[in-house]
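Visitor: upload_27.csv is reproduced below (CSV, C-alpha atoms).
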chain,number,residue,atom,x,y,z
Y,1,MET,CA,-28.4,32.1,20.2
Y,2,THR,CA,-30.7,29.6,21.8
Y,3,THR,CA,-28.9,26.4,20.7
Y,4,THR,CA,-25.6,25.6,19.0
Y,5,GLY,CA,-24.4,22.7,17.1
Y,6,THR,CA,-25.1,21.3,13.6
Y,7,PRO,CA,-28.6,21.8,12.5
Y,8,ILE,CA,-30.6,18.8,11.3
Y,9,ILE,CA,-31.8,18.8,7.7
Y,10,LEU,CA,-35.6,18.0,7.7
Y,11,SER,CA,-36.1,18.0,3.9
Y,12,LYS,CA,-34.2,18.7,0.7
Y,13,ASP,CA,-35.3,20.0,-2.7
Y,14,ASN,CA,-33.4,21.4,-5.6
Y,15,ILE,CA,-34.2,23.6,-8.6
Y,16,LYS,CA,-32.3,24.2,-11.8
Y,17,ILE,CA,-31.9,27.9,-12.8
Y,18,LEU,CA,-31.1,28.2,-16.5
Y,19,LYS,CA,-33.0,31.2,-17.7
Y,20,GLU,CA,-34.5,34.4,-16.3
Y,21,GLN,CA,-38.0,33.0,-16.3
Y,22,ASP,CA,-37.0,30.4,-13.8
Y,23,VAL,CA,-36.4,33.1,-11.2
Y,24,VAL,CA,-40.0,33.9,-10.2
Y,25,PRO,CA,-41.1,30.2,-9.8
Y,26,PHE,CA,-37.9,29.7,-7.7
Y,27,ARG,CA,-38.7,32.6,-5.5
Y,28,ASN,CA,-42.3,31.2,-5.0
Y,29,ARG,CA,-40.9,27.8,-4.1
Y,30,VAL,CA,-38.6,29.4,-1.4
Y,31,ARG,CA,-41.5,31.3,-0.1
Y,32,GLU,CA,-43.7,28.2,0.2
Y,33,TYR,CA,-41.0,26.5,2.4
Y,34,ALA,CA,-40.6,29.7,4.5
Y,35,VAL,CA,-44.4,29.9,5.0
Y,36,LYS,CA,-44.5,26.2,5.9
Y,37,ILE,CA,-42.1,26.7,8.8
Y,38,GLY,CA,-44.0,29.8,10.0
Y,39,MET,CA,-41.3,32.4,9.1
Y,40,SER,CA,-42.5,36.0,9.7
Y,41,LEU,CA,-43.3,38.1,6.7
Y,42,VAL,CA,-40.3,40.4,7.2
Y,43,ASN,CA,-37.9,37.5,7.4
Y,44,GLN,CA,-39.6,35.8,4.4
Y,45,THR,CA,-39.1,39.0,2.4
Y,46,LYS,CA,-35.5,39.3,3.4
Y,47,LEU,CA,-34.8,35.6,2.5
Y,48,ILE,CA,-36.5,35.9,-0.8
Y,49,THR,CA,-34.9,39.2,-1.7
Y,50,GLY,CA,-31.5,37.8,-0.9
Y,51,ALA,CA,-32.3,34.7,-2.9
Y,52,SER,CA,-33.3,36.8,-5.8
Y,53,GLU,CA,-30.0,38.7,-5.7
Y,54,LEU,CA,-27.9,35.5,-5.6
Y,55,VAL,CA,-29.9,33.7,-8.3
Y,56,ARG,CA,-29.4,36.8,-10.6
Y,57,ASN,CA,-25.6,36.6,-9.9
Y,58,MET,CA,-25.7,32.9,-10.7
Y,59,LEU,CA,-27.4,33.6,-14.1
Y,60,LYS,CA,-25.4,36.7,-15.0
Y,61,TYR,CA,-21.9,35.6,-14.0
Y,62,GLY,CA,-22.2,31.8,-13.7
Y,63,GLY,CA,-24.3,31.0,-16.7
Y,64,GLY,CA,-27.0,29.4,-14.5
Y,65,GLY,CA,-26.8,26.6,-12.1
Y,66,GLU,CA,-28.6,24.8,-9.3
Y,67,VAL,CA,-30.1,25.8,-6.0
Y,68,GLN,CA,-30.6,23.4,-3.1
Y,69,ILE,CA,-33.3,24.2,-0.6
Y,70,HIS,CA,-32.8,22.7,2.9
Y,71,VAL,CA,-35.3,23.0,5.7
Y,72,LEU,CA,-33.3,23.0,8.9
Y,73,SER,CA,-34.1,22.3,12.5
Y,74,ARG,CA,-32.0,23.6,15.4
Y,75,GLY,CA,-33.6,22.9,18.7
Y,76,ARG,CA,-36.8,24.9,18.7
Y,77,ASP,CA,-35.8,27.0,15.8
Y,78,ASN,CA,-36.4,26.2,12.2
Y,79,GLY,CA,-34.8,27.7,9.2
Y,80,ILE,CA,-34.1,27.6,5.4
Y,81,ARG,CA,-30.7,27.0,3.9
Y,82,LEU,CA,-30.1,27.8,0.2
Y,83,VAL,CA,-27.1,26.6,-1.6
Y,84,PHE,CA,-26.4,28.3,-4.9
Y,85,GLN,CA,-24.0,26.4,-7.2
Y,86,ASP,CA,-22.7,27.3,-10.6
Y,87,GLN,CA,-20.0,26.1,-12.9
Y,88,GLY,CA,-19.1,29.6,-14.1
Y,89,PRO,CA,-15.7,31.2,-14.3
Y,90,GLY,CA,-15.4,31.9,-10.5
Y,91,ILE,CA,-14.8,35.2,-8.7
Y,92,PRO,CA,-11.2,36.3,-8.8
Y,93,ASP,CA,-11.3,38.4,-5.6
Y,94,ILE,CA,-14.0,37.5,-3.2
Y,95,ASN,CA,-13.1,40.3,-0.7
Y,96,LYS,CA,-13.6,42.9,-3.4
Y,97,ALA,CA,-16.9,41.3,-4.5
Y,98,MET,CA,-18.1,41.6,-0.9
Y,99,GLN,CA,-17.6,45.4,-0.8
Y,100,ASP,CA,-20.6,47.7,-1.1
Y,101,GLY,CA,-20.7,49.3,-4.5
Y,102,TYR,CA,-18.1,47.1,-6.2
Y,103,THR,CA,-19.3,45.7,-9.6
Y,104,THR,CA,-17.9,44.4,-12.8
Y,105,GLY,CA,-21.3,44.6,-14.5
Y,106,LYS,CA,-23.6,47.6,-14.8
Y,107,SER,CA,-25.5,46.9,-11.6
Y,108,MET,CA,-25.1,48.8,-8.3
Y,109,GLY,CA,-22.9,46.3,-6.6
Y,110,LEU,CA,-25.2,45.7,-3.7
Y,111,GLY,CA,-26.0,42.0,-4.4
Y,112,LEU,CA,-23.4,40.2,-2.3
Y,113,PRO,CA,-22.9,42.6,0.6
Y,114,GLY,CA,-26.6,43.4,0.7
Y,115,THR,CA,-27.6,39.8,0.8
Y,116,LYS,CA,-25.1,39.1,3.6
Y,117,ARG,CA,-26.9,41.8,5.7
Y,118,LEU,CA,-30.3,40.2,5.0
Y,119,MET,CA,-29.3,36.6,6.0
Y,120,ASN,CA,-28.2,35.1,9.3
Y,121,GLU,CA,-25.4,33.0,7.8
Y,122,PHE,CA,-23.5,33.6,4.6
Y,123,GLU,CA,-20.7,31.7,3.1
Y,124,ILE,CA,-19.1,32.0,-0.3
Y,125,THR,CA,-16.4,29.8,-1.9
Y,126,SER,CA,-15.1,30.2,-5.4
Y,127,GLU,CA,-12.5,28.5,-7.5
Y,128,MET,CA,-11.3,30.0,-10.8
Y,129,GLY,CA,-12.5,28.0,-13.8
Y,130,LYS,CA,-14.6,25.7,-11.6
Y,131,GLY,CA,-17.4,27.8,-10.3
Y,132,THR,CA,-18.9,29.5,-7.2
Y,133,THR,CA,-20.9,28.2,-4.3
Y,134,VAL,CA,-22.9,30.6,-2.0
Y,135,THR,CA,-24.6,29.1,1.1
Y,136,VAL,CA,-27.0,31.2,3.1
Y,137,VAL,CA,-29.3,30.4,6.1
Y,138,LYS,CA,-32.2,32.4,7.4
Y,139,TRP,CA,-33.7,31.3,10.7
Y,140,LYS,CA,-37.3,31.6,11.4
Y,141,ASN,CA,-36.7,33.8,14.4
Y,142,GLY,CA,-33.3,35.1,13.2
A,1,MET,CA,-44.7,38.8,-24.6
A,2,GLU,CA,-46.2,39.9,-21.3
A,3,LYS,CA,-46.5,43.6,-20.6
A,4,ILE,CA,-47.4,45.8,-17.6
A,5,PRO,CA,-50.3,48.1,-18.7
A,6,ILE,CA,-49.8,51.8,-18.4
A,7,LEU,CA,-53.0,53.8,-17.9
A,8,ARG,CA,-53.4,57.5,-18.7
A,9,MET,CA,-55.4,59.7,-16.3
A,10,GLY,CA,-55.4,63.3,-17.4
A,11,LYS,CA,-51.8,64.6,-17.0
A,12,PHE,CA,-50.7,61.5,-15.2
A,13,LEU,CA,-49.7,57.9,-16.0
A,14,LEU,CA,-50.8,55.2,-13.7
A,15,VAL,CA,-49.0,51.8,-13.4
A,16,THR,CA,-50.2,49.1,-11.2
A,17,ILE,CA,-47.7,46.2,-10.8
A,18,GLN,CA,-49.7,43.2,-10.0
A,19,VAL,CA,-47.2,40.4,-10.5
A,20,ASP,CA,-43.6,39.8,-9.3
A,21,LEU,CA,-41.5,41.0,-12.1
A,22,TYR,CA,-38.6,39.2,-13.7
A,23,ASP,CA,-35.8,41.3,-15.0
A,24,GLN,CA,-36.8,41.6,-18.6
A,25,LEU,CA,-40.4,42.6,-17.7
A,26,ALA,CA,-39.0,45.4,-15.5
A,27,GLU,CA,-36.7,46.6,-18.2
A,28,ASN,CA,-39.5,46.7,-20.7
A,29,LEU,CA,-41.7,48.7,-18.2
A,30,GLU,CA,-38.9,51.2,-17.8
A,31,ALA,CA,-38.6,51.7,-21.6
A,32,ASP,CA,-42.4,51.8,-22.2
A,33,LEU,CA,-43.0,54.3,-19.4
A,34,VAL,CA,-40.4,56.7,-20.7
A,35,GLN,CA,-41.9,56.5,-24.2
A,36,MET,CA,-45.4,57.1,-22.8
A,37,VAL,CA,-44.3,60.1,-20.9
A,38,LYS,CA,-43.1,61.6,-24.2
A,39,LYS,CA,-46.1,60.5,-26.2
A,40,THR,CA,-48.7,61.8,-23.8
A,41,ASP,CA,-46.8,64.8,-22.4
A,42,ALA,CA,-47.4,63.4,-19.0
A,43,ARG,CA,-46.5,65.5,-16.0
A,44,GLY,CA,-46.5,62.7,-13.4
A,45,VAL,CA,-46.0,59.0,-13.1
A,46,LEU,CA,-47.7,57.0,-10.3
A,47,ILE,CA,-46.5,53.5,-9.7
A,48,ASP,CA,-48.5,51.3,-7.4
A,49,VAL,CA,-46.4,48.6,-5.8
A,50,SER,CA,-48.9,47.4,-3.2
A,51,SER,CA,-49.0,43.9,-4.7
A,52,VAL,CA,-45.3,43.6,-5.0
A,53,THR,CA,-43.9,41.2,-2.4
A,54,ILE,CA,-40.2,41.7,-3.2
A,55,ILE,CA,-38.1,44.5,-4.5
A,56,ASP,CA,-34.5,43.5,-5.0
A,57,SER,CA,-31.5,45.7,-6.1
A,58,PHE,CA,-32.5,45.3,-9.8
A,59,MET,CA,-36.1,46.3,-9.3
A,60,GLY,CA,-35.0,49.1,-7.1
A,61,ARG,CA,-32.6,50.4,-9.7
A,62,ILE,CA,-35.4,50.3,-12.3
A,63,LEU,CA,-37.7,52.4,-10.0
A,64,GLY,CA,-34.8,54.9,-9.5
A,65,ASN,CA,-34.2,55.0,-13.3
A,66,ILE,CA,-37.8,55.6,-14.1
A,67,ALA,CA,-37.8,58.5,-11.6
A,68,THR,CA,-34.6,60.0,-13.0
A,69,MET,CA,-35.6,59.7,-16.6
A,70,SER,CA,-39.1,61.1,-16.0
A,71,LYS,CA,-37.5,64.0,-14.1
A,72,ILE,CA,-35.3,64.8,-17.1
A,73,MET,CA,-38.5,64.8,-19.2
A,74,ASP,CA,-40.2,67.2,-16.7
A,75,ALA,CA,-42.4,64.6,-15.0
A,76,GLU,CA,-42.5,63.6,-11.3
A,77,THR,CA,-42.6,60.0,-10.1
A,78,VAL,CA,-44.4,58.7,-7.0
A,79,VAL,CA,-44.2,55.2,-5.8
A,80,VAL,CA,-47.2,54.2,-3.7
A,81,GLY,CA,-48.4,51.4,-1.4
A,82,MET,CA,-45.1,49.8,-0.5
A,83,GLN,CA,-45.5,46.9,1.9
A,84,PRO,CA,-43.7,47.4,5.3
A,85,ALA,CA,-41.6,44.2,4.9
A,86,VAL,CA,-40.4,45.4,1.5
A,87,ALA,CA,-39.4,48.8,2.9
A,88,ILE,CA,-37.5,47.2,5.7
A,89,THR,CA,-35.7,44.8,3.3
A,90,LEU,CA,-34.8,47.6,0.9
A,91,VAL,CA,-33.1,49.7,3.6
A,92,GLU,CA,-31.2,46.7,4.9
A,93,LEU,CA,-30.1,45.8,1.4
A,94,GLY,CA,-28.7,49.3,1.1
A,95,LEU,CA,-31.1,50.8,-1.4
A,96,PRO,CA,-32.8,53.8,0.1
A,97,LEU,CA,-34.5,54.7,-3.3
A,98,LYS,CA,-33.2,58.3,-3.5
A,99,GLY,CA,-35.0,60.7,-5.7
A,100,VAL,CA,-38.2,58.6,-5.7
A,101,HIS,CA,-41.2,60.3,-4.1
A,102,SER,CA,-43.5,58.0,-2.1
A,103,ALA,CA,-47.0,58.0,-0.7
A,104,LEU,CA,-49.1,55.6,1.4
A,105,ASN,CA,-51.7,54.9,-1.2
A,106,VAL,CA,-52.9,55.8,-4.7
A,107,GLU,CA,-55.2,58.6,-3.4
A,108,LYS,CA,-52.3,60.3,-1.4
A,109,GLY,CA,-50.0,59.7,-4.3
A,110,MET,CA,-52.3,61.5,-6.7
A,111,GLU,CA,-52.6,64.4,-4.3
A,112,LEU,CA,-48.8,64.6,-4.0
A,113,LEU,CA,-48.4,64.7,-7.8
A,114,LYS,CA,-51.1,67.4,-8.2
A,115,SER,CA,-49.6,69.5,-5.5
A,116,LYS,CA,-46.1,69.2,-7.1
A,117,ILE,CA,-47.4,70.3,-10.5
A,118,LEU,CA,-49.6,73.1,-9.0
A,119,LEU,CA,-46.6,74.4,-7.1
A,120,GLU,CA,-44.6,74.8,-10.3
A,121,GLU,CA,-47.5,76.4,-12.2
A,122,SER,CA,-48.3,78.9,-9.5
A,123,GLU,CA,-44.7,80.1,-9.0
A,124,ASN,CA,-45.1,83.0,-11.4
A,125,GLU,CA,-48.4,84.0,-10.0
A,126,GLU,CA,-47.0,83.9,-6.5
A,127,GLU,CA,-44.5,86.6,-7.3
A,128,GLU,CA,-47.3,88.9,-8.3
A,129,ASP,CA,-49.2,88.1,-5.1
A,130,ILE,CA,-46.2,89.0,-3.0
A,131,ASN,CA,-46.3,92.5,-4.5
A,132,ASP,CA,-50.0,92.8,-3.8
A,133,ASP,CA,-49.4,91.7,-0.2
A,134,ASP,CA,-46.8,94.4,0.3
A,135,ASP,CA,-49.3,97.1,-0.7
A,136,ARG,CA,-51.9,95.8,1.6
A,137,ASP,CA,-49.4,95.7,4.6
A,138,THR,CA,-48.5,99.3,4.1
A,139,ASP,CA,-52.2,100.1,4.1
A,140,HIS,CA,-52.7,98.5,7.5
A,141,THR,CA,-49.9,100.4,9.2
A,142,GLN,CA,-51.2,103.7,8.1
What does this structure look like when you write it as structure tokens?
Guide:
Amino acid sequence: MTTTGTPIILSKDNIKILKEQDVVPFRNRVREYAVKIGMSLVNQTKLITGASELVRNMLKYGGGGEVQIHVLSRGRDNGIRLVFQDQGPGIPDINKAMQDGYTTGKSMGLGLPGTKRLMNEFEITSEMGKGTTVTVVKWKNG
Amino acid sequence: MEKIPILRMGKFLLVTIQVDLYDQLAENLEADLVQMVKKTDARGVLIDVSSVTIIDSFMGRILGNIATMSKIMDAETVVVGMQPAVAITLVELGLPLKGVHSALNVEKGMELLKSKILLEESENEEEEDINDDDDRDTDHTQ
């Protein structure tokens, strides 16, 4: 780690995700921001793949929601923070959901644990009946 | 409704994915491709992913499904042209794409498919060859 402390938010944007067709434009928007801060292709791909997993979860289990895109600055390093928020039923057991191969749907159960591996920071909070919020950060040089 | 075109080339089916797929499009491709294998008696399926910038767990599962389904229907599947950043991300996500053959480009992919099918077809002939060789060997020693 080069610097510590709270990163500064340089710009904010948000996108509503209500249907499957919103996913590709959303991924492209995230990529635009990642390119703008000069993120390497590998990190871009990790960020967007992770974002794609989370946005699918939001659609499938949360009935859609909103994603905030923050461009961050931390000393010399820049990064992208994504906040996925839905008003779905919530996740009953987060620890279980974070296990590789655990799924309640017909997927492979790689979404959450896999995404955590692709990101630099990963935080999930969920309240039954209120919704789920997932916050991830990918640093340019992370 | 958008569709991914499937081209027929002799015994093989050729699919070039030129856009980033949303889930429904990927699911349609899976169904169309399996139908086409049956309809054309194809022995091999070649999927060119060189323009695909992200493969997440869903898309990875679709590729795996196509390979497994084709295999059951006696056709081999080769995925060609994967971008390095996509490969790195797939492995870190935890999706090693088991059962899917891969090649560097379309040309090598075609060679791989041809060699796999030739191998199967020549197995019977080989047995006869072995008998011939034995005869020849005994000739030499005499």
Visitor: Compute the chain Y side of the contact with chain A at 10 Å, counting all atoms listed in the file, and hand it back as a PyMOL selection string.
Guide: chain Y and resi 20-25+27-28+40-53+56+100-101+107-118
Visitor: How many Å separate CA of Thr6 in chain Y from CA of Arg81 in chain Y?
Guide: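 Interatomic distance, CA of Thr6 in chain Y to CA of Arg81 in chain Y: 12.6 Å.
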Visitor: So the first atom is CA of Asn141 in chain Y and the second is CA of Pro7 in chain Y; what is the distance between them in Å, to one decimal place?
Guide: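 One can read the CA of Asn141 in chain Y to CA of Pro7 in chain Y distance as 14.6 Å.
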Visitor: Need to verify the contact set: Thr77 in chain A, 8 Å, all atoms listed in the file, exclusion of same-chain residues closer than 2 positions in sequence. Can you return it as a PyMOL selection string?
Guide: chain A and resi 44-47+66-67+70-71+75+79+100-101+113
Visitor: Take the residues from that selection and write them out as a compact mmCIF listing (two decimals), in the frame of the given file, keeping C-alpha atoms.
Guide:
# COMPACT_ATOMS: atom_id res chain seq x y z
CA GLY A 44 -46.50 62.70 -13.40
CA VAL A 45 -46.00 59.00 -13.10
CA LEU A 46 -47.70 57.00 -10.30
CA ILE A 47 -46.50 53.50 -9.70
CA ILE A 66 -37.80 55.60 -14.10
CA ALA A 67 -37.80 58.50 -11.60
CA SER A 70 -39.10 61.10 -16.00
CA LYS A 71 -37.50 64.00 -14.10
CA ALA A 75 -42.40 64.60 -15.00
CA VAL A 79 -44.20 55.20 -5.80
CA VAL A 100 -38.20 58.60 -5.70
CA HIS A 101 -41.20 60.30 -4.10
CA LEU A 113 -48.40 64.70 -7.80
Visitor: I want to know what sits within 9 Å of Glu121 in chain Y, based on only C-alpha atoms, with residues of the same chain fewer than 5 positions away left out; could you give that as a ChimeraX atom specification?
Guide: /Y:81,116,135-139
Visitor: For CA of Glu66 in chain Y and CA of Tyr102 in chain Y, determine how far apart the two atoms are, in Å to one decimal place.
Guide: 24.8 Å
Visitor: Using all atoms listed in the file, collect all residues at a distance of at most 12 Å from (-31.4, 19.7, 2.8) as written in the file, then present them as a VMD selection string.
Guide: chain Y and resid 7 to 14 33 67 to 73 79 to 83 135 137
Visitor: Between Y:Phe26, Y:Phe122, Y:Ile91, Y:Gln99, which has the minimum distance to Val55 in chain Y (counting only C-alpha atoms)?
Guide: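 Closest candidate: Y:Phe26.
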